[in-house]
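> One structure coming up, written as structure tokens, with questions to follow.
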Amino acid sequence: MRKAIIDKLTILAESAKYDVSCASSGSTRQNNSQGIGSANRWGICHSFTEDGRCVALLKIMLTNFCMYDCAYCINRRSNDIERATFSPRELAKLTIEFYRRNYIEGLFLSSGVIKNADHTMEKMLQVVKLLRIEHHYHGYIHMKTIPGASPELIYQAGLYADRLSINLEIPTEDNLKQLAPEKDHQSVYKPMHFIQQYALESKEERKKHRHAPRFAPAGQSTQLIVGATDETDRDILNLTSILYKRPTMKRVYYSGFVPVNEYDKRLPIVNEVPRKREHRLYQADWLLRFYQFNVHEIVNENYPTLDLDLDPKLSWALRHPHLFPVDVNRASYEQILRVPGIGVKSARMIVAARRHSALTVNALKQIGIVMKRAQYFITCRDKLGTTVQEFTPEKVRLALTTRTLSSETLPAQFSLHF
Amino acid sequence: MNIFYFDHTLQGLLCAIFDAYKIKCFPDLLLAEGEIGPLIVDTTHTVETMSYKYQRVSQALKKKLSPFALTQIRYIWHAETPESKMLLFRYLCKVLDSAKNIEKHYSDPDILAVKKLAKKVSAERHYLMMFVRFNKTADDIYFAPVAPRYNVLPFIYRHFQQRFADQKWIIYDESRHYGYFFNGETIEEMTLLDDKDFLINNKINATYLAEDEPQFTALWQKYIQALTIRERINPKLQKRAMPTRFWKYLPETWTK
């Protein structure tokens, strides 16, 4: 019997691994000191696979049988792969056993669509209910919503799960129709809307009654596949910024297209996963969420694609040399935040520290500013050297790309913070 | 060179500050009682730990620092590096000497050093929350050996107490030879009497493990392998996120 479990686990993990979401943050579920588990506000990763991606949640499918035939998906029904199905009880037990050993931070439950959306959602709900009710489990649960599921089931899911997600996958509807003729964006946007509505209602309700049930306290997230279709970075980021304007949307993930189903002529021929592009998109995403950038500043008609050699903030700064240099001892927090080489933490430290004494180049270095990039864009009391205005953006670009190209490694996809 | 001997507790250190202001003599070196000092010494002073002394110092600190900075003080104390005692002493004197709150005066080298070291200790604390791995023993206790760089066990047991409220567990610091035992109701500090027999090469002696434990280890190893996307292999990134010094306790890395 144990053998069967190990095979199922392998098959269903293989099928789930292309979903990139792994955050375990945003929820503060407490243990009532009788059950097991708690959720951490900032999230905790527990391991990292050889590809460098974090493992926080037991990312698993309930089944990889699927009625759909989407070109980009490994589990499409026309693929000849091994198929398996967990019983809800098996999966709940496995989750608890992993959790007790501190292997995982919670469960990420996904599933192929069997029979219809509602039937699949009901099966998934069984697992989640078993965990919460029978095992008294208070840890994190991320649950995928099946496109086209009924509002009642989504409501129930939100009561038991911490985060719900539903993947857009292909950014534009036309391309989606190409690759997955059986799907449409409507069936994704509708559940997204339900989740938002229920979450906002629950928030209102909790203002009136302290014990009113929470609905998906960690909000919702979605995923876009990058490089399977011809959307530009501008299309993708415009969509992202619209999604982030929705109150409960916490994260948009970008999944560099891994060549699967190579026999399908509708898919592009790619030799390598577009990791660099994916990385630049995440950087742009961070600029939108933490650096007070507007999407039109990062990409617009004249710059529809992100520069692969420069990070988007540096690229923006070089297009706007007239805004620099800024004086770190006088400029506003917002201005300092836009300097290449200064992050959110350093910017906050600068603003706090300069109240005590003016900052020197050495102090800035000690604080942790990347002078290699920042030097062209700042002045301070003892600042020597040339600024971007005198040096010209072209030369700055040259100086920074020739050195960075060889040594740069891709940073981890951040999984903490939202 | 002025040397203060104290009882090597945080309260003792606060008393040393009290004494320094009282006798108007500030130490260049803080030593625990019994430690051997340098050859050339001007004055030595032995600090007597008294509650009225440290209470007065800690009250003064509470007035001048945010709760976050007070936590930082505990982090620095538990860092237990060669310089951390004197760093903390100098930092606290600066805080007391200043009329206003100076915890964010980052161009001051001591204040920045406190921030950086506290961050490292806090990171180690977080690493433990990530990389503690429990092994179920035959008598139903979940046991996790660890060897953190700083002495951070006191900062993490509450997290595990809340999370694993319905199971018995032990987190044991192999390098400092102590741990915390949760018996289902309360936390106790404990020491293994025979850790040479119980722990072999950082792993629990297989004879003490629960019968089904190797199966769960195998399941976890298989799962991590299945989750890896072969087209994206990037060991450098993996090692940066999960430093190799933790690997000896992580079953998923043993198979390589």
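Letters A, B, ... mark the chains of the structure tokens in the order given; residue numbers begin at 1 per chain; ligand numbers begin at 1, in order shown.
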If you run DSSP over the backbone, which residues in stretch 10-256 of chain B end up alpha helix (DSSP H)? Put them as number ranges by chain.

B: 10-23, 51-64, 67-79, 84-97, 109-131, 153-163, 195-198, 213-227, 235-241

> Take the selection from the previous step and output its residues with C-alpha atoms, as a JSON list (two decimals), in the first residue's frame.


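Final output, result18.json:
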```json
[["chain", "number", "residue", "atom", "x", "y", "z"],
["B", 10, "LEU", "CA", 22.40, 39.98, 30.17],
["B", 11, "GLN", "CA", 21.31, 41.28, 33.57],
["B", 12, "GLY", "CA", 24.92, 41.18, 34.67],
["B", 13, "LEU", "CA", 25.87, 43.27, 31.67],
["B", 14, "LEU", "CA", 23.25, 45.86, 32.56],
["B", 15, "CYS", "CA", 24.68, 45.93, 36.10],
["B", 16, "ALA", "CA", 28.14, 46.50, 34.60],
["B", 17, "ILE", "CA", 26.72, 49.58, 32.89],
["B", 18, "PHE", "CA", 25.25, 50.75, 36.19],
["B", 19, "ASP", "CA", 28.61, 50.26, 37.95],
["B", 20, "ALA", "CA", 30.55, 51.98, 35.17],
["B", 21, "TYR", "CA", 28.50, 55.16, 35.54],
["B", 22, "LYS", "CA", 28.66, 54.90, 39.31],
["B", 23, "ILE", "CA", 32.44, 54.55, 39.63],
["B", 51, "SER", "CA", 18.11, 43.56, 40.78],
["B", 52, "TYR", "CA", 17.90, 47.27, 41.65],
["B", 53, "LYS", "CA", 20.85, 47.96, 39.30],
["B", 54, "TYR", "CA", 19.64, 46.19, 36.19],
["B", 55, "GLN", "CA", 16.06, 47.27, 36.72],
["B", 56, "ARG", "CA", 17.11, 50.90, 36.75],
["B", 57, "VAL", "CA", 19.20, 50.50, 33.59],
["B", 58, "SER", "CA", 16.50, 48.60, 31.76],
["B", 59, "GLN", "CA", 13.91, 51.20, 32.75],
["B", 60, "ALA", "CA", 16.11, 53.92, 31.29],
["B", 61, "LEU", "CA", 16.54, 51.88, 28.10],
["B", 62, "LYS", "CA", 12.81, 51.33, 27.77],
["B", 63, "LYS", "CA", 12.33, 55.09, 27.84],
["B", 64, "LYS", "CA", 14.88, 55.68, 25.11],
["B", 67, "PRO", "CA", 10.31, 47.77, 21.43],
["B", 68, "PHE", "CA", 12.07, 46.64, 18.28],
["B", 69, "ALA", "CA", 15.42, 47.97, 19.50],
["B", 70, "LEU", "CA", 14.89, 46.23, 22.84],
["B", 71, "THR", "CA", 14.46, 42.95, 20.94],
["B", 72, "GLN", "CA", 17.66, 43.75, 19.06],
["B", 73, "ILE", "CA", 19.49, 43.92, 22.40],
["B", 74, "ARG", "CA", 18.43, 40.37, 23.20],
["B", 75, "TYR", "CA", 19.52, 39.25, 19.74],
["B", 76, "ILE", "CA", 22.98, 40.77, 20.23],
["B", 77, "TRP", "CA", 23.32, 39.14, 23.60],
["B", 78, "HIS", "CA", 22.53, 35.73, 22.14],
["B", 79, "ALA", "CA", 24.93, 36.21, 19.21],
["B", 84, "SER", "CA", 29.32, 41.21, 20.80],
["B", 85, "LYS", "CA", 29.58, 41.90, 24.55],
["B", 86, "MET", "CA", 31.68, 45.05, 24.15],
["B", 87, "LEU", "CA", 29.65, 46.14, 21.13],
["B", 88, "LEU", "CA", 26.47, 45.88, 23.18],
["B", 89, "PHE", "CA", 28.12, 47.72, 26.09],
["B", 90, "ARG", "CA", 29.24, 50.63, 23.90],
["B", 91, "TYR", "CA", 25.87, 50.76, 22.13],
["B", 92, "LEU", "CA", 23.92, 50.90, 25.37],
["B", 93, "CYS", "CA", 26.17, 53.63, 26.75],
["B", 94, "LYS", "CA", 25.59, 55.68, 23.61],
["B", 95, "VAL", "CA", 21.86, 55.20, 23.95],
["B", 96, "LEU", "CA", 21.92, 56.29, 27.59],
["B", 97, "ASP", "CA", 24.16, 59.29, 26.91],
["B", 109, "PRO", "CA", 29.56, 52.50, 13.36],
["B", 110, "ASP", "CA", 28.39, 50.89, 16.62],
["B", 111, "ILE", "CA", 24.72, 51.49, 15.92],
["B", 112, "LEU", "CA", 25.04, 50.14, 12.40],
["B", 113, "ALA", "CA", 27.02, 47.15, 13.69],
["B", 114, "VAL", "CA", 24.25, 46.40, 16.18],
["B", 115, "LYS", "CA", 21.68, 46.54, 13.44],
["B", 116, "LYS", "CA", 23.70, 44.26, 11.19],
["B", 117, "LEU", "CA", 24.50, 41.68, 13.85],
["B", 118, "ALA", "CA", 20.92, 41.67, 15.13],
["B", 119, "LYS", "CA", 19.77, 41.06, 11.58],
["B", 120, "LYS", "CA", 22.11, 38.10, 11.27],
["B", 121, "VAL", "CA", 20.83, 36.58, 14.50],
["B", 122, "SER", "CA", 17.28, 37.17, 13.41],
["B", 123, "ALA", "CA", 18.04, 35.51, 10.08],
["B", 124, "GLU", "CA", 19.49, 32.49, 11.88],
["B", 125, "ARG", "CA", 16.30, 32.31, 13.90],
["B", 126, "HIS", "CA", 14.32, 32.29, 10.67],
["B", 127, "TYR", "CA", 16.61, 29.66, 9.14],
["B", 128, "LEU", "CA", 15.79, 27.36, 12.03],
["B", 129, "MET", "CA", 12.07, 27.82, 11.50],
["B", 130, "MET", "CA", 12.71, 26.79, 7.89],
["B", 131, "PHE", "CA", 15.17, 23.96, 8.29],
["B", 153, "LEU", "CA", 16.92, 28.40, 20.43],
["B", 154, "PRO", "CA", 15.36, 30.70, 23.07],
["B", 155, "PHE", "CA", 13.84, 32.76, 20.26],
["B", 156, "ILE", "CA", 12.17, 29.96, 18.38],
["B", 157, "TYR", "CA", 10.65, 27.51, 20.81],
["B", 158, "ARG", "CA", 7.46, 29.58, 21.14],
["B", 159, "HIS", "CA", 6.88, 29.32, 17.39],
["B", 160, "PHE", "CA", 7.14, 25.53, 17.54],
["B", 161, "GLN", "CA", 5.14, 25.35, 20.75],
["B", 162, "GLN", "CA", 2.26, 27.12, 19.06],
["B", 163, "ARG", "CA", 2.52, 25.18, 15.84],
["B", 195, "ASP", "CA", 24.26, 12.12, 23.00],
["B", 196, "LYS", "CA", 27.13, 10.07, 21.51],
["B", 197, "ASP", "CA", 24.85, 7.07, 21.41],
["B", 198, "PHE", "CA", 21.67, 8.89, 20.41],
["B", 213, "GLU", "CA", 9.94, 7.01, 9.98],
["B", 214, "PRO", "CA", 12.27, 5.87, 7.14],
["B", 215, "GLN", "CA", 9.25, 5.61, 4.85],
["B", 216, "PHE", "CA", 8.27, 9.22, 5.41],
["B", 217, "THR", "CA", 11.85, 10.32, 4.88],
["B", 218, "ALA", "CA", 11.83, 8.44, 1.58],
["B", 219, "LEU", "CA", 8.49, 9.96, 0.58],
["B", 220, "TRP", "CA", 9.85, 13.44, 1.21],
["B", 221, "GLN", "CA", 13.04, 12.75, -0.75],
["B", 222, "LYS", "CA", 11.07, 11.41, -3.70],
["B", 223, "TYR", "CA", 8.70, 14.35, -3.58],
["B", 224, "ILE", "CA", 11.51, 16.91, -3.75],
["B", 225, "GLN", "CA", 13.09, 15.06, -6.68],
["B", 226, "ALA", "CA", 9.80, 14.97, -8.55],
["B", 227, "LEU", "CA", 9.27, 18.69, -7.98],
["B", 235, "PRO", "CA", 22.59, 24.76, -7.86],
["B", 236, "LYS", "CA", 24.15, 28.16, -7.13],
["B", 237, "LEU", "CA", 20.73, 29.61, -6.49],
["B", 238, "GLN", "CA", 19.77, 26.62, -4.38],
["B", 239, "LYS", "CA", 22.84, 26.98, -2.19],
["B", 240, "ARG", "CA", 22.32, 30.68, -1.71],
["B", 241, "ALA", "CA", 18.79, 30.16, -0.49]]
```

> Please provide the set of residues having any atom within 7 Å of stretch 150-153 of chain A, restricted to only C-alpha atoms, with same-chain residues fewer than 4 positions apart removed, written as a CSV table (one decimal) with C-alpha atoms, in the first residue's frame.


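Saved as part33.csv:
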```
chain,number,residue,atom,x,y,z
A,118,ASP,CA,-18.0,21.6,-9.7
A,121,MET,CA,-14.0,21.5,-6.6
A,157,ALA,CA,-13.4,27.0,-0.4
A,194,PHE,CA,-16.5,36.1,-6.7
```

> Quick one: residues within 10 Å of A:Lys250, only C-alpha atoms counted, chain neighbours fewer than 5 positions away excluded, as a short mmCIF file (atom, residue, chain, number, x, y, z; two decimals) with C-alpha atoms, in the first residue's frame?


```cif
data_model
loop_
_atom_site.label_atom_id
_atom_site.label_comp_id
_atom_site.auth_asym_id
_atom_site.auth_seq_id
_atom_site.Cartn_x
_atom_site.Cartn_y
_atom_site.Cartn_z
CA GLY A 26 -0.39 36.83 4.48
CA ARG A 163 -5.42 31.73 -0.31
CA SER A 165 -5.87 31.22 -6.89
CA ALA A 218 -4.36 35.67 2.38
CA GLY A 219 -6.26 36.90 -0.67
CA GLN A 220 -5.83 35.49 -4.16
CA SER A 221 -3.11 35.12 -6.75
CA THR A 222 -2.77 34.19 -10.41
CA LEU A 243 -4.97 42.92 -11.65
CA TYR A 244 -3.12 44.58 -8.77
CA LYS A 245 -5.74 47.31 -8.67
CA ARG A 289 4.18 46.98 -5.78
CA HIS A 417 6.31 39.09 1.63
CA PHE A 418 3.10 38.87 -0.37
#
```

> Determine, counting only C-alpha atoms, which protein, DNA and RNA residues have an atom within 12 Å of an atom of B:Leu39; residues of the same chain fewer than 3 positions away are not included. Present the result as a list in words.

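Residues near the query, excluding close chain neighbours: Met1, Asn2, Ile3, Ile36, Asp42 and Thr43 of chain B.
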
> Could you give me, as an mmCIF file with N, CA and C atoms, in the first residue's frame, the residues within 8 Å of A:Leu12, counting only C-alpha atoms and dropping anything in the same chain fewer than 3 positions from it?


```cif
data_model
loop_
_atom_site.group_PDB
_atom_site.id
_atom_site.type_symbol
_atom_site.label_atom_id
_atom_site.label_comp_id
_atom_site.auth_asym_id
_atom_site.auth_seq_id
_atom_site.Cartn_x
_atom_site.Cartn_y
_atom_site.Cartn_z
ATOM 1 N N LYS A 8 2.105 7.533 -6.435
ATOM 2 C CA LYS A 8 1.132 8.610 -6.642
ATOM 3 C C LYS A 8 1.774 9.957 -6.352
ATOM 4 N N LEU A 9 2.522 9.995 -5.254
ATOM 5 C CA LEU A 9 3.153 11.248 -4.849
ATOM 6 C C LEU A 9 4.079 11.746 -5.957
ATOM 7 N N SER A 15 3.267 16.505 -11.960
ATOM 8 C CA SER A 15 2.201 17.205 -12.674
ATOM 9 C C SER A 15 1.946 18.591 -12.115
ATOM 10 N N ALA A 16 2.285 18.801 -10.854
ATOM 11 C CA ALA A 16 1.957 20.082 -10.213
ATOM 12 C C ALA A 16 3.095 21.081 -10.280
ATOM 13 N N ILE A 60 0.763 19.828 -4.783
ATOM 14 C CA ILE A 60 0.357 18.511 -5.252
ATOM 15 C C ILE A 60 -0.994 18.606 -5.960
ATOM 16 N N MET A 61 -1.223 17.682 -6.882
ATOM 17 C CA MET A 61 -2.532 17.615 -7.509
ATOM 18 C C MET A 61 -3.319 16.480 -6.887
ATOM 19 N N LEU A 62 -4.600 16.665 -6.814
ATOM 20 C CA LEU A 62 -5.446 15.596 -6.305
ATOM 21 C C LEU A 62 -5.526 14.494 -7.361
ATOM 22 N N THR A 63 -5.604 14.935 -8.602
ATOM 23 C CA THR A 63 -5.552 13.986 -9.707
ATOM 24 C C THR A 63 -4.924 14.690 -10.909
ATOM 25 N N ASN A 64 -4.265 13.940 -11.794
ATOM 26 C CA ASN A 64 -3.782 14.582 -13.018
ATOM 27 C C ASN A 64 -4.554 14.105 -14.247
ATOM 28 N N ARG A 83 -1.009 8.472 -15.055
ATOM 29 C CA ARG A 83 -2.059 9.206 -14.352
ATOM 30 C C ARG A 83 -2.310 8.567 -12.987
ATOM 31 N N ALA A 84 -2.688 9.393 -12.037
ATOM 32 C CA ALA A 84 -2.958 8.877 -10.696
ATOM 33 C C ALA A 84 -3.961 9.778 -9.997
ATOM 34 N N THR A 85 -4.592 9.250 -8.969
ATOM 35 C CA THR A 85 -5.537 10.026 -8.175
ATOM 36 C C THR A 85 -5.363 9.679 -6.703
#
```

> Can you list, as a list in words, every protein, DNA or RNA residue that comes within 12 Å of A:Arg77 when you count only C-alpha atoms, leaving out same-chain residues fewer than 2 positions away?

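Selected residues are Asn64, Phe65, Cys66, Met67, Tyr68, Asp69, Cys70, Ala71, Tyr72, Cys73, Ile74, Asn75, Asn79, Asp80, Ile81, Glu82, Arg83, Gly112, Val113, Ile114, Ala180 and Asn261 of chain A.
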
> May I ask for the distance between atom CA of A:Leu400 and atom CA of A:Ile369, given in Å to one decimal place?

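Separation between atom CA of A:Leu400 and atom CA of A:Ile369: 15.7 Å.
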
> Can you pull out every residue within 12 Å of A:Met371, counting only C-alpha atoms, but drop anything in the same chain fewer than 6 positions away, and send it as a list in words?

Val339, Pro340, Gly341, Ile342, Gly343, Ser346, Val361, Asn362, Ala363, Leu364, Lys365, Phe377, Ile378, Thr379, Lys383, Gly385 and Leu400 of chain A
